[in-house]
Amino acid sequence: MTTPDVVDREVHLPPAPALDTPIVPAVRKSRSILVYLAYAWLIAVIALAALADVLPLASYSIPIGKPRQGPDFSSFDLWLGTDQQGRSILSRCVYGARVSLLVGTVAGLIGAVIGTLLGMLAGYLGKAVDWIIRLITDAMLAFPPLILLLALSSILTPSVRTLLVGLTLLIIPTFVRLALANTLAWSSREFVTAARNMGAGHTRILVKEILPNLLPPLGAFLPVVMAALIVAEGSLSFLGMGIPPPQPSWGGMISDGKEAIADSPHMVLVPAVVIFFTVFALNQAGDHLRSRFDRTMRD
């Protein structure tokens, strides 16, 4: 009796999952709604300041209504009321944003460039250069900031240029210390040592190896510095040592309305709220940029 041939067939089964490599889902970082609101506010303020000349706004120096008039929605220029001379507070807030943003941005950038350069030289070269730069930085930090700004404003003519000079001098030591600390950390890394052993000069090491690693933390710190500069400019304008009239500024608007705060609180409340939201938004943006680009935060 013959038996049929049995044909062996291979059964392909899916590979068993490895027990030692668990599958972990990627962690999604949730962002606060405040970050999106902060960026939206900053974009709106910058856009209004840049397009102020083409917007249907009344002149910031010409009265358009009764003095100290409260908010009135019958006219676009009267939405936020008028000041003690009958000028539109909305128009003055928009044009005042130019001064605050210009002073904060330009002084912050100039101070960041000078402070970063000095901090890199002190941290990389060390010895006498480090000692001299540290001595100058400590001397500038020991001087009261408000006294320095008041002295410059009393000696020089109050103007945007005077504010830029004073605020830049205030912010340079901060960036010197930040750049110095980061330069000391990065100059001892292996890739810097390898570049030095391959014959790279000091300039190439500073520009090609160290500077790209300093830009993320310094750039993330810049919005926080700009917020502090806007507050400093507002303080000087409140004391009458800032931008001379009729050019509006947020601090000057608060100073103009402080005498009528009991009867017309909107004259002080409106520019104060604008300063608060702008400074708060810059601090939120700085924290977000630091958590995203600063490698020391992730490490």
# chains A, B, ... in the order shown; residues from 1 in each chain; ligands from 1
>>> residues_around(residues="Leu211 (chain A)", least_positions_apart="4", cutoff="12 Å", atoms="only C-alpha atoms", output="VMD selection string")
chain A and resid 113 116 to 117 119 to 121 123 to 124 179 to 180 182 to 184 186 to 187 192 202 to 207 215 to 219
>>> write_last_selection(atoms="N, CA and C atoms", output="compact mmCIF listing (two decimals), in the first residue's frame")
# COMPACT_ATOMS: atom_id res chain seq x y z
N VAL A 113 25.60 93.02 21.44
CA VAL A 113 26.79 92.85 20.59
C VAL A 113 28.06 93.21 21.35
N THR A 116 28.58 90.76 24.39
CA THR A 116 28.99 89.42 23.96
C THR A 116 30.44 89.41 23.52
N LEU A 117 30.85 90.42 22.78
CA LEU A 117 32.25 90.50 22.33
C LEU A 117 33.21 90.58 23.51
N GLY A 119 32.62 89.71 26.66
CA GLY A 119 32.55 88.48 27.43
C GLY A 119 33.29 87.33 26.80
N MET A 120 33.22 87.22 25.47
CA MET A 120 33.97 86.17 24.77
C MET A 120 35.48 86.36 24.92
N LEU A 121 35.92 87.60 24.77
CA LEU A 121 37.36 87.87 24.92
C LEU A 121 37.83 87.57 26.34
N GLY A 123 36.42 85.49 28.57
CA GLY A 123 36.34 84.07 28.87
C GLY A 123 37.35 83.23 28.12
N TYR A 124 37.72 83.63 26.90
CA TYR A 124 38.63 82.82 26.09
C TYR A 124 40.09 83.16 26.34
N ALA A 179 27.84 86.10 28.55
CA ALA A 179 28.73 85.58 27.52
C ALA A 179 30.01 85.00 28.12
N LEU A 180 30.51 85.63 29.18
CA LEU A 180 31.73 85.13 29.82
C LEU A 180 31.51 83.73 30.41
N ASN A 182 29.26 81.47 29.57
CA ASN A 182 29.07 80.48 28.51
C ASN A 182 30.36 80.21 27.75
N THR A 183 31.19 81.24 27.57
CA THR A 183 32.46 81.04 26.88
C THR A 183 33.39 80.14 27.69
N LEU A 184 33.41 80.33 29.00
CA LEU A 184 34.23 79.45 29.84
C LEU A 184 33.76 78.00 29.73
N TRP A 186 32.13 76.55 27.10
CA TRP A 186 32.32 75.98 25.77
C TRP A 186 33.78 75.92 25.36
N SER A 187 34.63 76.81 25.87
CA SER A 187 36.04 76.80 25.46
C SER A 187 36.80 75.59 25.96
N VAL A 192 36.59 72.33 20.64
CA VAL A 192 37.47 73.51 20.67
C VAL A 192 38.93 73.08 20.80
N HIS A 202 42.86 82.04 17.13
CA HIS A 202 41.89 82.47 18.13
C HIS A 202 40.61 83.03 17.50
N THR A 203 40.78 83.81 16.43
CA THR A 203 39.61 84.40 15.79
C THR A 203 38.69 83.33 15.21
N ARG A 204 39.27 82.34 14.56
CA ARG A 204 38.45 81.27 13.97
C ARG A 204 37.74 80.46 15.06
N ILE A 205 38.41 80.20 16.15
CA ILE A 205 37.79 79.43 17.23
C ILE A 205 36.64 80.22 17.85
N LEU A 206 36.85 81.51 18.06
CA LEU A 206 35.80 82.33 18.66
C LEU A 206 34.59 82.47 17.74
N VAL A 207 34.85 82.67 16.45
CA VAL A 207 33.76 82.94 15.51
C VAL A 207 33.08 81.65 15.05
N LEU A 215 24.94 82.09 20.71
CA LEU A 215 23.81 82.83 20.17
C LEU A 215 22.45 82.36 20.69
N PRO A 216 22.18 81.03 20.80
CA PRO A 216 20.85 80.63 21.30
C PRO A 216 20.52 81.14 22.70
N PRO A 217 21.39 80.94 23.72
CA PRO A 217 21.01 81.47 25.04
C PRO A 217 20.98 82.99 25.10
N LEU A 218 21.89 83.66 24.38
CA LEU A 218 21.88 85.11 24.39
C LEU A 218 20.66 85.66 23.65
N GLY A 219 20.30 85.03 22.53
CA GLY A 219 19.11 85.46 21.80
C GLY A 219 17.84 85.24 22.59
>>> closest_atom_pairs(of="region 179-267 of chain A", to="region 279-283 of chain A", cutoff="9 Å", atoms="only C-alpha atoms", output="JSON lines")
{"residue": "A:Pro223", "atom": "CA", "partner": "A:Leu282", "partner_atom": "CA", "distance": 5.2}
{"residue": "A:Val224", "atom": "CA", "partner": "A:Asn283", "partner_atom": "CA", "distance": 5.1}
{"residue": "A:Val225", "atom": "CA", "partner": "A:Asn283", "partner_atom": "CA", "distance": 8.7}
{"residue": "A:Met226", "atom": "CA", "partner": "A:Leu282", "partner_atom": "CA", "distance": 7.4}
{"residue": "A:Ala227", "atom": "CA", "partner": "A:Val279", "partner_atom": "CA", "distance": 4.8}
{"residue": "A:Ala228", "atom": "CA", "partner": "A:Val279", "partner_atom": "CA", "distance": 7.6}
{"residue": "A:Ile230", "atom": "CA", "partner": "A:Val279", "partner_atom": "CA", "distance": 7.5}
{"residue": "A:Val231", "atom": "CA", "partner": "A:Val279", "partner_atom": "CA", "distance": 7.7}
>>> write_last_selection(atoms="C-alpha atoms", output="compact mmCIF listing (two decimals), in the first residue's frame")
# COMPACT_ATOMS: atom_id res chain seq x y z
CA PRO A 223 13.41 89.68 24.93
CA VAL A 224 13.74 89.77 28.72
CA VAL A 225 16.31 92.55 28.41
CA MET A 226 14.05 94.47 26.02
CA ALA A 227 11.25 94.26 28.58
CA ALA A 228 13.52 95.73 31.26
CA ILE A 230 11.00 99.44 28.11
CA VAL A 231 10.31 99.72 31.85
>>> select_by_dssp(residues="region 81-287 of chain A", states="alpha helix (DSSP H)", output="number ranges by chain")
A: 89-125, 127-142, 145-155, 160-186, 190-197, 202-204, 211-238, 250-257, 266-287
>>> closest_atom_pairs(of="region 49-74 of chain A", to="region 97-110 of chain A", cutoff="10 Å", atoms="only C-alpha atoms", output="tab-separated table")
residue	atom	partner	partner_atom	distance
A:Ala49	CA	A:Arg98	CA	5.4
A:Ala50	CA	A:Arg98	CA	7.5
A:Ala52	CA	A:Arg98	CA	9.0
>>> closest_residue(among="A:Asn213, A:Ser188, A:Thr278, A:Gln85", to="Leu229 (chain A)", atoms="only C-alpha atoms")
A:Thr278
>>> closest_residue(among="A:Ile261, A:Gln247, A:Leu214, A:Ile136", to="Ala181 (chain A)", atoms="only C-alpha atoms")
A:Leu214
>>> closest_residue(among="A:Pro158, A:Glu209, A:Leu37, A:Leu48", to="Arg189 (chain A)", atoms="only C-alpha atoms")
A:Glu209
>>> atom_distance(atom1="CA of Leu163 (chain A)", atom2="CA of Tyr60 (chain A)")
21.4 Å
>>> atom_distance(atom1="CA of Glu190 (chain A)", atom2="CA of Leu178 (chain A)")
21.4 Å
>>> residues_around(residues="region 65-70 of chain A", least_positions_apart="3", cutoff="9 Å", atoms="only C-alpha atoms", output="PDB file with N, CA and C atoms, in the first residue's frame")
ATOM      1  N   LEU A  78     -11.689 108.002  19.636  1.00  0.00           N
ATOM      2  CA  LEU A  78     -12.091 108.221  21.020  1.00  0.00           C
ATOM      3  C   LEU A  78     -12.346 106.933  21.778  1.00  0.00           C
ATOM      4  N   TRP A  79     -11.953 105.813  21.224  1.00  0.00           N
ATOM      5  CA  TRP A  79     -12.192 104.531  21.885  1.00  0.00           C
ATOM      6  C   TRP A  79     -11.563 104.481  23.274  1.00  0.00           C
ATOM      7  N   LEU A  80     -10.397 105.069  23.426  1.00  0.00           N
ATOM      8  CA  LEU A  80      -9.696 105.054  24.710  1.00  0.00           C
ATOM      9  C   LEU A  80      -9.747 106.405  25.406  1.00  0.00           C
ATOM     10  N   GLY A  81     -10.534 107.327  24.896  1.00  0.00           N
ATOM     11  CA  GLY A  81     -10.671 108.630  25.532  1.00  0.00           C
ATOM     12  C   GLY A  81      -9.622 109.623  25.071  1.00  0.00           C
ATOM     13  N   THR A  82      -9.574 110.753  25.769  1.00  0.00           N
ATOM     14  CA  THR A  82      -8.618 111.814  25.451  1.00  0.00           C
ATOM     15  C   THR A  82      -7.808 112.168  26.693  1.00  0.00           C
ATOM     16  N   ASP A  83      -6.701 112.885  26.477  1.00  0.00           N
ATOM     17  CA  ASP A  83      -5.851 113.298  27.591  1.00  0.00           C
ATOM     18  C   ASP A  83      -6.248 114.683  28.064  1.00  0.00           C
ATOM     19  N   GLN A  84      -5.370 115.316  28.854  1.00  0.00           N
ATOM     20  CA  GLN A  84      -5.714 116.603  29.436  1.00  0.00           C
ATOM     21  C   GLN A  84      -5.793 117.721  28.407  1.00  0.00           C
ATOM     22  N   GLN A  85      -5.294 117.506  27.197  1.00  0.00           N
ATOM     23  CA  GLN A  85      -5.390 118.498  26.141  1.00  0.00           C
ATOM     24  C   GLN A  85      -6.387 118.116  25.048  1.00  0.00           C
ATOM     25  N   GLY A  86      -7.112 117.025  25.241  1.00  0.00           N
ATOM     26  CA  GLY A  86      -8.095 116.598  24.261  1.00  0.00           C
ATOM     27  C   GLY A  86      -7.524 115.781  23.121  1.00  0.00           C
ATOM     28  N   ARG A  87      -6.299 115.282  23.254  1.00  0.00           N
ATOM     29  CA  ARG A  87      -5.690 114.467  22.208  1.00  0.00           C
ATOM     30  C   ARG A  87      -6.084 112.997  22.375  1.00  0.00           C
ATOM     31  N   SER A  88      -6.119 112.282  21.281  1.00  0.00           N
ATOM     32  CA  SER A  88      -6.548 110.884  21.289  1.00  0.00           C
ATOM     33  C   SER A  88      -5.519 110.017  22.018  1.00  0.00           C
ATOM     34  N   ALA A 260      -4.535 113.746  37.342  1.00  0.00           N
ATOM     35  CA  ALA A 260      -5.986 113.596  37.195  1.00  0.00           C
ATOM     36  C   ALA A 260      -6.416 112.158  37.367  1.00  0.00           C
ATOM     37  N   ASP A 263     -10.042 111.683  38.926  1.00  0.00           N
ATOM     38  CA  ASP A 263     -11.211 112.016  38.117  1.00  0.00           C
ATOM     39  C   ASP A 263     -11.203 111.316  36.759  1.00  0.00           C
ATOM     40  N   SER A 264     -10.009 111.105  36.185  1.00  0.00           N
ATOM     41  CA  SER A 264      -9.892 110.479  34.858  1.00  0.00           C
ATOM     42  C   SER A 264      -8.854 109.372  34.919  1.00  0.00           C
ATOM     43  N   PRO A 265      -9.191 108.250  35.540  1.00  0.00           N
ATOM     44  CA  PRO A 265      -8.189 107.182  35.697  1.00  0.00           C
ATOM     45  C   PRO A 265      -7.760 106.548  34.384  1.00  0.00           C
ATOM     46  N   HIS A 266      -8.566 106.703  33.325  1.00  0.00           N
ATOM     47  CA  HIS A 266      -8.196 106.076  32.052  1.00  0.00           C
ATOM     48  C   HIS A 266      -6.920 106.673  31.476  1.00  0.00           C
ATOM     49  N   MET A 267      -6.596 107.912  31.830  1.00  0.00           N
ATOM     50  CA  MET A 267      -5.382 108.547  31.317  1.00  0.00           C
ATOM     51  C   MET A 267      -4.126 107.854  31.820  1.00  0.00           C
TER      52      MET A 267
END
>>> residues_around(residues="Ala285 (chain A)", least_positions_apart="6", cutoff="8 Å", atoms="only C-alpha atoms", output="mmCIF file with N, CA and C atoms, in the first residue's frame")
data_model
loop_
_atom_site.group_PDB
_atom_site.id
_atom_site.type_symbol
_atom_site.label_atom_id
_atom_site.label_comp_id
_atom_site.auth_asym_id
_atom_site.auth_seq_id
_atom_site.Cartn_x
_atom_site.Cartn_y
_atom_site.Cartn_z
ATOM 1 N N VAL A 35 1.694 81.718 25.839
ATOM 2 C CA VAL A 35 2.756 81.922 24.854
ATOM 3 C C VAL A 35 2.169 82.412 23.533
ATOM 4 N N ALA A 38 0.968 85.924 23.952
ATOM 5 C CA ALA A 38 2.097 86.857 24.035
ATOM 6 C C ALA A 38 2.626 87.195 22.647
ATOM 7 N N TYR A 39 2.817 86.169 21.808
ATOM 8 C CA TYR A 39 3.290 86.429 20.451
ATOM 9 C C TYR A 39 2.259 87.224 19.646
ATOM 10 N N PRO A 223 14.744 89.125 24.645
ATOM 11 C CA PRO A 223 13.410 89.680 24.930
ATOM 12 C C PRO A 223 13.221 90.107 26.380
#
